[in-house]
file upload28.tsv (TSV, C-alpha atoms)
chain	number	residue	atom	x	y	z
C	1	GLN	CA	46.29	0.24	150.43
C	2	VAL	CA	45.14	3.74	149.51
C	3	GLN	CA	41.44	4.40	149.58
C	4	VAL	CA	39.89	7.22	147.60
C	5	MET	CA	36.50	8.60	148.59
C	6	GLU	CA	34.72	11.44	146.79
C	7	SER	CA	31.73	13.47	147.83
C	8	GLY	CA	29.91	16.63	146.86
C	9	GLY	CA	28.35	15.83	143.52
C	10	ASP	CA	24.94	17.34	142.89
C	11	SER	CA	22.48	18.58	140.30
C	12	VAL	CA	22.76	22.35	139.84
C	13	GLN	CA	21.73	25.08	137.43
C	14	PRO	CA	24.10	26.77	134.99
C	15	GLY	CA	26.23	29.38	136.68
C	16	ALA	CA	26.09	27.70	140.06
C	17	SER	CA	29.04	26.75	142.24
C	18	LEU	CA	29.87	23.39	143.76
C	19	THR	CA	32.76	21.95	145.74
C	20	LEU	CA	33.89	18.35	145.45
C	21	SER	CA	35.84	16.72	148.27
C	22	CYS	CA	38.20	13.78	148.18
C	23	ALA	CA	39.66	11.89	151.12
C	24	THR	CA	42.51	9.43	150.75
C	25	PRO	CA	42.95	7.47	153.98
C	26	GLY	CA	45.95	5.20	153.79
C	27	ALA	CA	48.07	7.60	151.72
C	28	ASP	CA	51.53	7.88	153.19
C	29	ASP	CA	53.93	10.82	153.40
C	30	ARG	CA	55.51	10.34	149.99
C	31	ALA	CA	54.85	12.86	147.26
C	32	TYR	CA	52.38	11.66	144.67
C	33	CYS	CA	49.95	12.83	142.02
C	34	MET	CA	46.45	13.73	143.10
C	35	GLY	CA	43.81	14.83	140.68
C	36	TRP	CA	40.23	15.16	139.62
C	37	PHE	CA	39.10	13.58	136.38
C	38	ARG	CA	35.73	13.52	134.69
C	39	GLN	CA	33.97	11.32	132.23
C	40	ALA	CA	30.84	12.25	130.31
C	41	PRO	CA	28.74	9.66	128.44
C	42	GLY	CA	30.50	8.59	125.27
C	43	LYS	CA	33.70	10.42	126.13
C	44	GLU	CA	37.04	9.34	127.53
C	45	ARG	CA	38.04	10.07	131.08
C	46	ALA	CA	40.20	13.19	131.19
C	47	ALA	CA	41.94	15.33	133.76
C	48	VAL	CA	40.14	18.37	135.09
C	49	ALA	CA	42.77	19.48	137.60
C	50	ALA	CA	45.78	17.78	139.13
C	51	LEU	CA	48.86	18.38	141.21
C	52	TRP	CA	51.97	16.72	142.51
C	53	THR	CA	51.98	16.94	146.30
C	54	GLY	CA	55.73	17.58	146.29
C	55	GLY	CA	55.46	20.76	144.26
C	56	ARG	CA	53.40	23.87	143.66
C	57	ARG	CA	52.31	23.57	140.08
C	58	ILE	CA	48.67	22.80	139.41
C	59	TYR	CA	47.38	21.53	136.09
C	60	TYR	CA	43.99	22.72	134.83
C	61	ALA	CA	42.24	21.62	131.69
C	62	ASP	CA	41.70	24.54	129.31
C	63	SER	CA	37.95	24.13	129.59
C	64	VAL	CA	37.94	24.83	133.34
C	65	GLN	CA	40.79	27.32	133.64
C	66	GLY	CA	39.62	30.32	135.63
C	67	ARG	CA	36.43	28.61	136.82
C	68	PHE	CA	37.72	25.70	138.88
C	69	ALA	CA	40.22	25.77	141.73
C	70	LEU	CA	42.10	22.80	143.14
C	71	SER	CA	43.39	22.72	146.70
C	72	GLN	CA	44.75	20.29	149.27
C	73	GLY	CA	43.61	19.91	152.83
C	74	ASN	CA	45.96	20.75	155.68
C	75	ALA	CA	46.74	17.09	156.26
C	76	GLY	CA	47.80	16.71	152.66
C	77	ASN	CA	45.76	13.62	152.02
C	78	SER	CA	42.56	15.38	151.02
C	79	LEU	CA	41.77	17.24	147.83
C	80	TYR	CA	39.10	19.77	146.96
C	81	LEU	CA	37.77	21.00	143.66
C	82	GLU	CA	35.92	24.29	143.86
C	83	MET	CA	33.81	24.73	140.75
C	84	SER	CA	32.14	27.97	139.80
C	85	GLY	CA	30.33	29.23	136.72
C	86	LEU	CA	29.22	25.68	135.97
C	87	LYS	CA	28.18	24.99	132.40
C	88	TYR	CA	26.07	22.29	130.77
C	89	GLU	CA	29.25	20.74	129.39
C	90	ASP	CA	30.60	20.24	132.92
C	91	THR	CA	28.05	17.48	133.40
C	92	ALA	CA	29.95	14.25	134.06
C	93	ILE	CA	30.99	11.74	136.65
C	94	TYR	CA	33.91	13.21	138.55
C	95	TYR	CA	36.61	10.92	139.88
C	96	CYS	CA	39.34	11.61	142.38
C	97	ALA	CA	42.56	9.67	141.93
C	98	VAL	CA	46.00	9.11	143.43
C	99	GLY	CA	49.11	7.95	141.62
C	100	SER	CA	52.73	8.52	140.68
C	101	PRO	CA	54.12	10.89	138.07
C	102	ILE	CA	55.62	9.41	134.93
C	103	GLY	CA	58.70	11.30	133.93
C	104	LEU	CA	60.58	14.18	135.45
C	105	PHE	CA	58.37	16.89	133.97
C	106	SER	CA	54.98	15.33	134.52
C	107	ASP	CA	52.07	17.60	135.36
C	108	CYS	CA	50.11	14.64	136.72
C	109	SER	CA	47.40	15.04	134.10
C	110	SER	CA	47.62	11.61	132.47
C	111	VAL	CA	45.16	8.87	133.37
C	112	GLN	CA	48.04	6.38	133.09
C	113	GLU	CA	49.74	7.99	136.09
C	114	TYR	CA	46.96	6.96	138.48
C	115	ASN	CA	46.34	3.60	140.06
C	116	TYR	CA	43.95	4.45	142.89
C	117	TRP	CA	40.50	5.72	141.92
C	118	GLY	CA	37.36	6.62	143.75
C	119	GLN	CA	33.90	5.43	142.76
C	120	GLY	CA	33.00	8.78	141.24
C	121	THR	CA	30.45	11.44	142.06
C	122	GLN	CA	27.87	12.73	139.60
C	123	VAL	CA	27.73	16.41	138.69
C	124	THR	CA	24.77	17.43	136.57
C	125	VAL	CA	24.30	20.93	135.24
C	126	SER	CA	20.82	21.52	133.90
C	127	SER	CA	18.09	24.12	133.94

call {"tool": "encode", "arguments": {"input": "upload28.tsv", "output": "structure tokens"}}
result
Amino acid sequence: QVQVMESGGDSVQPGASLTLSCATPGADDRAYCMGWFRQAPGKERAAVAALWTGGRRIYYADSVQGRFALSQGNAGNSLYLEMSGLKYEDTAIYYCAVGSPIGLFSDCSSVQEYNYWGQGTQVTVSS
């Protein structure tokens, strides 16, 4: 059973930086999708950044491209989201997730590709 545990959410001012961390004890050595998603009140959960551990490509949502950076830990079963230039619209609950790609050309950005989710960590951007 894969566990997913997030940390690092906080309340910050616009323009600030924040790093979210995700640990996935129980994940084995197979390649899988790992990603960060977010959900704001009244909106659907959507991918922020995601990767397939067996490749190099990283997916970023257009809204965070150039501001957020996704990386894996050395052990491969941890995931980090470095966020900079935070905006009001980045306010949401951020979820880390683990799953399997659907299709040969998947970029691991679909919610349907994930079956292990963390509890979420709140990021609030306000002045």

call {"tool": "residues_around", "arguments": {"input": "upload28.tsv", "residues": "region 63-79 of chain C", "least_positions_apart": "6", "cutoff": "6 Å", "atoms": "all atoms listed in the file", "output": "PyMOL selection string"}}
result
chain C and resi 21-24

call {"tool": "residues_around", "arguments": {"input": "upload28.tsv", "residues": "Glu44 (chain C)", "least_positions_apart": "6", "cutoff": "12 Å", "atoms": "only C-alpha atoms", "output": "count of residues only"}}
result
6

call {"tool": "atom_distance", "arguments": {"input": "upload28.tsv", "atom1": "CA of Arg45 (chain C)", "atom2": "CA of Val125 (chain C)"}}
result
18.0 Å

call {"tool": "residues_near_point", "arguments": {"input": "upload28.tsv", "point": "(52.9, 10.2, 154.8)", "cutoff": "12 Å", "atoms": "all atoms listed in the file", "output": "PDB file with C-alpha atoms, in the coordinates of the input"}}
result
ATOM      1  CA  VAL C   2      45.140   3.740 149.510  1.00  0.00           C
ATOM      2  CA  THR C  24      42.510   9.430 150.750  1.00  0.00           C
ATOM      3  CA  PRO C  25      42.950   7.470 153.980  1.00  0.00           C
ATOM      4  CA  GLY C  26      45.950   5.200 153.790  1.00  0.00           C
ATOM      5  CA  ALA C  27      48.070   7.600 151.720  1.00  0.00           C
ATOM      6  CA  ASP C  28      51.530   7.880 153.190  1.00  0.00           C
ATOM      7  CA  ASP C  29      53.930  10.820 153.400  1.00  0.00           C
ATOM      8  CA  ARG C  30      55.510  10.340 149.990  1.00  0.00           C
ATOM      9  CA  ALA C  31      54.850  12.860 147.260  1.00  0.00           C
ATOM     10  CA  TYR C  32      52.380  11.660 144.670  1.00  0.00           C
ATOM     11  CA  THR C  53      51.980  16.940 146.300  1.00  0.00           C
ATOM     12  CA  GLY C  54      55.730  17.580 146.290  1.00  0.00           C
ATOM     13  CA  ALA C  75      46.740  17.090 156.260  1.00  0.00           C
ATOM     14  CA  GLY C  76      47.800  16.710 152.660  1.00  0.00           C
ATOM     15  CA  ASN C  77      45.760  13.620 152.020  1.00  0.00           C
TER      16      ASN C  77
END

call {"tool": "atom_distance", "arguments": {"input": "upload28.tsv", "atom1": "CA of Gly85 (chain C)", "atom2": "CA of Gly8 (chain C)"}}
result
16.2 Å

call {"tool": "closest_residue", "arguments": {"input": "upload28.tsv", "among": "C:Glu113, C:Met83, C:Val98, C:Ser106", "to": "Asp10 (chain C)", "atoms": "only C-alpha atoms"}}
result
C:Met83

call {"tool": "closest_residue", "arguments": {"input": "upload28.tsv", "among": "C:Tyr80, C:Trp52, C:Tyr88, C:Tyr59", "to": "Ser127 (chain C)", "atoms": "only C-alpha atoms"}}
result
C:Tyr88

call {"tool": "atom_distance", "arguments": {"input": "upload28.tsv", "atom1": "CA of Leu104 (chain C)", "atom2": "CA of Val4 (chain C)"}}
result
25.0 Å

call {"tool": "closest_residue", "arguments": {"input": "upload28.tsv", "among": "C:Asp107, C:Val12, C:Ala50, C:Thr91", "to": "Met34 (chain C)", "atoms": "all atoms listed in the file"}}
result
C:Ala50

call {"tool": "residues_around", "arguments": {"input": "upload28.tsv", "residues": "Gln119 (chain C)", "least_positions_apart": "3", "cutoff": "9 Å", "atoms": "only C-alpha atoms", "output": "list in words"}}
result
Val4, Met5, Glu6, Tyr94, Tyr95 and Cys96 of chain C

call {"tool": "closest_residue", "arguments": {"input": "upload28.tsv", "among": "C:Gln3, C:Ala97, C:Ser126, C:Gln112", "to": "Gly15 (chain C)", "atoms": "all atoms listed in the file"}}
result
C:Ser126

call {"tool": "closest_residue", "arguments": {"input": "upload28.tsv", "among": "C:Ile58, C:Pro41, C:Ser17, C:Asp90", "to": "Val123 (chain C)", "atoms": "all atoms listed in the file"}}
result
C:Asp90

call {"tool": "closest_residue", "arguments": {"input": "upload28.tsv", "among": "C:Leu18, C:Leu51, C:Ala40, C:Cys108", "to": "Gly120 (chain C)", "atoms": "all atoms listed in the file"}}
result
C:Ala40

call {"tool": "decode", "arguments": {"input": "upload28.tsv", "residues": "region 101-124 of chain C", "atoms": "N, CA, C and O atoms", "output": "mmCIF file, in the first residue's frame"}}
result
data_model
loop_
_atom_site.group_PDB
_atom_site.id
_atom_site.type_symbol
_atom_site.label_atom_id
_atom_site.label_comp_id
_atom_site.auth_asym_id
_atom_site.auth_seq_id
_atom_site.Cartn_x
_atom_site.Cartn_y
_atom_site.Cartn_z
ATOM 1 N N PRO C 101 0.384 5.862 -15.640
ATOM 2 C CA PRO C 101 -0.018 6.585 -16.855
ATOM 3 C C PRO C 101 -1.045 5.790 -17.652
ATOM 4 O O PRO C 101 -1.015 4.556 -17.700
ATOM 5 N N ILE C 102 -1.943 6.513 -18.284
ATOM 6 C CA ILE C 102 -2.924 5.905 -19.184
ATOM 7 C C ILE C 102 -2.496 6.248 -20.605
ATOM 8 O O ILE C 102 -2.508 7.401 -21.006
ATOM 9 N N GLY C 103 -2.125 5.233 -21.340
ATOM 10 C CA GLY C 103 -1.709 5.485 -22.709
ATOM 11 C C GLY C 103 -0.221 5.693 -22.837
ATOM 12 O O GLY C 103 0.466 6.104 -21.893
ATOM 13 N N LEU C 104 0.262 5.442 -24.026
ATOM 14 C CA LEU C 104 1.697 5.485 -24.291
ATOM 15 C C LEU C 104 2.264 6.897 -24.198
ATOM 16 O O LEU C 104 3.425 7.086 -23.822
ATOM 17 N N PHE C 105 1.471 7.899 -24.514
ATOM 18 C CA PHE C 105 1.978 9.258 -24.591
ATOM 19 C C PHE C 105 1.479 10.135 -23.443
ATOM 20 O O PHE C 105 1.474 11.353 -23.544
ATOM 21 N N SER C 106 1.108 9.518 -22.376
ATOM 22 C CA SER C 106 0.593 10.275 -21.228
ATOM 23 C C SER C 106 1.643 11.212 -20.653
ATOM 24 O O SER C 106 2.832 10.864 -20.575
ATOM 25 N N ASP C 107 1.199 12.390 -20.224
ATOM 26 C CA ASP C 107 2.079 13.306 -19.511
ATOM 27 C C ASP C 107 1.770 13.306 -18.014
ATOM 28 O O ASP C 107 2.238 14.173 -17.290
ATOM 29 N N CYS C 108 0.982 12.341 -17.592
ATOM 30 C CA CYS C 108 0.651 12.152 -16.176
ATOM 31 C C CYS C 108 -0.095 13.333 -15.579
ATOM 32 O O CYS C 108 -0.006 13.578 -14.370
ATOM 33 N N SER C 109 -0.846 14.055 -16.382
ATOM 34 C CA SER C 109 -1.538 15.240 -15.884
ATOM 35 C C SER C 109 -3.020 15.014 -15.599
ATOM 36 O O SER C 109 -3.707 15.932 -15.145
ATOM 37 N N SER C 110 -3.515 13.812 -15.869
ATOM 38 C CA SER C 110 -4.938 13.553 -15.672
ATOM 39 C C SER C 110 -5.218 13.002 -14.284
ATOM 40 O O SER C 110 -4.535 12.082 -13.817
ATOM 41 N N VAL C 111 -6.245 13.548 -13.642
ATOM 42 C CA VAL C 111 -6.652 13.060 -12.323
ATOM 43 C C VAL C 111 -6.947 11.567 -12.363
ATOM 44 O O VAL C 111 -6.661 10.838 -11.398
ATOM 45 N N GLN C 112 -7.489 11.092 -13.495
ATOM 46 C CA GLN C 112 -7.893 9.689 -13.615
ATOM 47 C C GLN C 112 -6.701 8.732 -13.580
ATOM 48 O O GLN C 112 -6.876 7.528 -13.413
ATOM 49 N N GLU C 113 -5.502 9.246 -13.732
ATOM 50 C CA GLU C 113 -4.314 8.395 -13.727
ATOM 51 C C GLU C 113 -3.791 8.123 -12.316
ATOM 52 O O GLU C 113 -2.829 7.384 -12.136
ATOM 53 N N TYR C 114 -4.422 8.699 -11.308
ATOM 54 C CA TYR C 114 -3.898 8.621 -9.952
ATOM 55 C C TYR C 114 -4.850 7.882 -9.030
ATOM 56 O O TYR C 114 -6.056 8.138 -9.031
ATOM 57 N N ASN C 115 -4.302 6.971 -8.250
ATOM 58 C CA ASN C 115 -5.143 6.244 -7.304
ATOM 59 C C ASN C 115 -4.640 6.336 -5.867
ATOM 60 O O ASN C 115 -5.267 5.781 -4.957
ATOM 61 N N TYR C 116 -3.547 7.016 -5.634
ATOM 62 C CA TYR C 116 -3.073 7.239 -4.272
ATOM 63 C C TYR C 116 -2.927 8.743 -4.074
ATOM 64 O O TYR C 116 -2.169 9.407 -4.797
ATOM 65 N N TRP C 117 -3.622 9.264 -3.090
ATOM 66 C CA TRP C 117 -3.662 10.705 -2.832
ATOM 67 C C TRP C 117 -3.311 11.008 -1.394
ATOM 68 O O TRP C 117 -3.653 10.245 -0.482
ATOM 69 N N GLY C 118 -2.663 12.142 -1.199
ATOM 70 C CA GLY C 118 -2.438 12.618 0.148
ATOM 71 C C GLY C 118 -3.661 13.353 0.662
ATOM 72 O O GLY C 118 -4.659 13.510 -0.050
ATOM 73 N N GLN C 119 -3.573 13.828 1.900
ATOM 74 C CA GLN C 119 -4.682 14.529 2.529
ATOM 75 C C GLN C 119 -4.776 15.980 2.069
ATOM 76 O O GLN C 119 -5.811 16.620 2.261
ATOM 77 N N GLY C 120 -3.717 16.482 1.486
ATOM 78 C CA GLY C 120 -3.725 17.863 1.024
ATOM 79 C C GLY C 120 -3.076 18.813 2.013
ATOM 80 O O GLY C 120 -3.082 18.573 3.226
ATOM 81 N N THR C 121 -2.518 19.876 1.479
ATOM 82 C CA THR C 121 -1.919 20.916 2.311
ATOM 83 C C THR C 121 -2.365 22.272 1.764
ATOM 84 O O THR C 121 -2.351 22.502 0.549
ATOM 85 N N GLN C 122 -2.780 23.144 2.672
ATOM 86 C CA GLN C 122 -3.372 24.414 2.265
ATOM 87 C C GLN C 122 -2.287 25.443 1.940
ATOM 88 O O GLN C 122 -1.356 25.662 2.729
ATOM 89 N N VAL C 123 -2.431 26.080 0.799
ATOM 90 C CA VAL C 123 -1.593 27.223 0.429
ATOM 91 C C VAL C 123 -2.520 28.415 0.257
ATOM 92 O O VAL C 123 -3.456 28.376 -0.540
ATOM 93 N N THR C 124 -2.259 29.453 1.027
ATOM 94 C CA THR C 124 -3.067 30.660 0.956
ATOM 95 C C THR C 124 -2.166 31.834 0.618
ATOM 96 O O THR C 124 -1.157 32.064 1.288
#
